[in-house]
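K.L.:
Take a look at the following structure, please.
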Amino acid sequence: VKVAVLSAAGASVELRESLVKLPDLRVRGLDVRAWSGKDGELNLAALAPGVAAEPSQAQPWRIEAPRLRVTESRIAFEDRNAPQPVHYVLAPLELDVDGYASDAPALDAALRSGFNDTGKLAVAGQWRLEDSGGAFTVDADAIPVVFLQPYLDPTTDLVLKSGEVSVEGKVEIEELRQIRHISDLAQIAYVRQKEQLGLGHAVLMAKDLIGHEPF
């Protein structure tokens, strides 16, 4: 993570209240390089504060940053969890965050960015801090579809050579801990029947997956 310019106009620290106020926080030229590994973990997660071994008796510090503006920035992300690494570049990127406080239940966020040179992406909504989830409106324009190729099932013959997609809609992100819990309850695998050669043939396609288990 690199930052060209960071300014905090009107910043103050109130020692008795253990309070840090950053009423107008501005970042210009933010450059972030991130990736997710084979285990699905994000490398930036290592920057998150860990849990203290012993709870402190001191009053916890509170941070108020009701207005954050990020401009002229760039995020490069690599998904290493895909069969083949997939690269995303969000630039030039602008981000508005309003209503942040260390004890606030939620904040408002709006992102506007280019996507892999040709596309445009706009996302706006509210993110819940307590349970890590939120609801957002998404407006994607001229997003190249070629980057989806590594996510296609290897048993398909479909090849994406060119094209763009534009879409508008709403996205709801549920509590991340609940999603991880559900994903740990079962291991799901599937195969694809390339040709319609009957039900028996379809079952036979799963022979290697089933093995000697009862079917």
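In the structure tokens, chains take the letters A, B, ... in the order shown, each chain's residues start at 1, and ligands count up from 1 in the order shown.
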From a DSSP pass on the backbone, collect the residues of segment 31-166 of chain A flagged as strand (DSSP E or B) and hand them back as JSON, numbers by chain.
P.N.:
{"A": [31, 32, 33, 34, 35, 36, 42, 62, 63, 64, 65, 66, 67, 68, 69, 70, 71, 72, 73, 74, 75, 76, 77, 78, 79, 86, 87, 88, 89, 90, 91, 92, 93, 94, 95, 96, 97, 98, 99, 100, 101, 106, 107, 108, 109, 110, 111, 112, 113, 114, 115, 119, 120, 121, 122, 123, 124, 125, 126, 127, 128, 133, 134, 135, 136, 137, 138, 139, 140, 141, 142, 143, 144, 164, 165, 166]}
K.L.:
Please list as a list in words every residue within 8 Å of segment 106-119 of chain A, counting only C-alpha atoms and excluding residues in the same chain fewer than 5 positions away.
P.N.:
Tyr88, Val89, Leu90, Ala91, Pro92, Leu93, Glu94, Leu95, Asp96, Val97, Asp98, Gly99, Tyr100, Ala124, Gly125, Gln126, Trp127, Arg128, Leu129, Glu130, Ala140, Asp141, Ala142, Ile143 and Pro144 of chain A
K.L.:
Against segment 8-14 of chain A, which residues of segment 64-148 of chain A fall within 10 Å? For each one I want the closest pair of atoms and the distance in Å (one decimal), counting only C-alpha atoms, rows by chain and increasing residue number, as a tab-separated table.
P.N.:
residue	atom	partner	partner_atom	distance
A:Glu64	CA	A:Ala11	CA	9.8
A:Ala65	CA	A:Ala11	CA	9.4
A:Leu68	CA	A:Ala8	CA	9.3
K.L.:
Quick one, how far is atom CA of Asp208 of chain A from atom CA of Gln196 of chain A?
P.N.:
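About the pair atom CA of Asp208 of chain A and atom CA of Gln196 of chain A: they are 19.0 Å apart.
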K.L.:
Just the number, please: distance in Å from atom CA of Leu160 of chain A to atom CA of Leu42 of chain A, one decimal.
P.N.:
27.2 Å
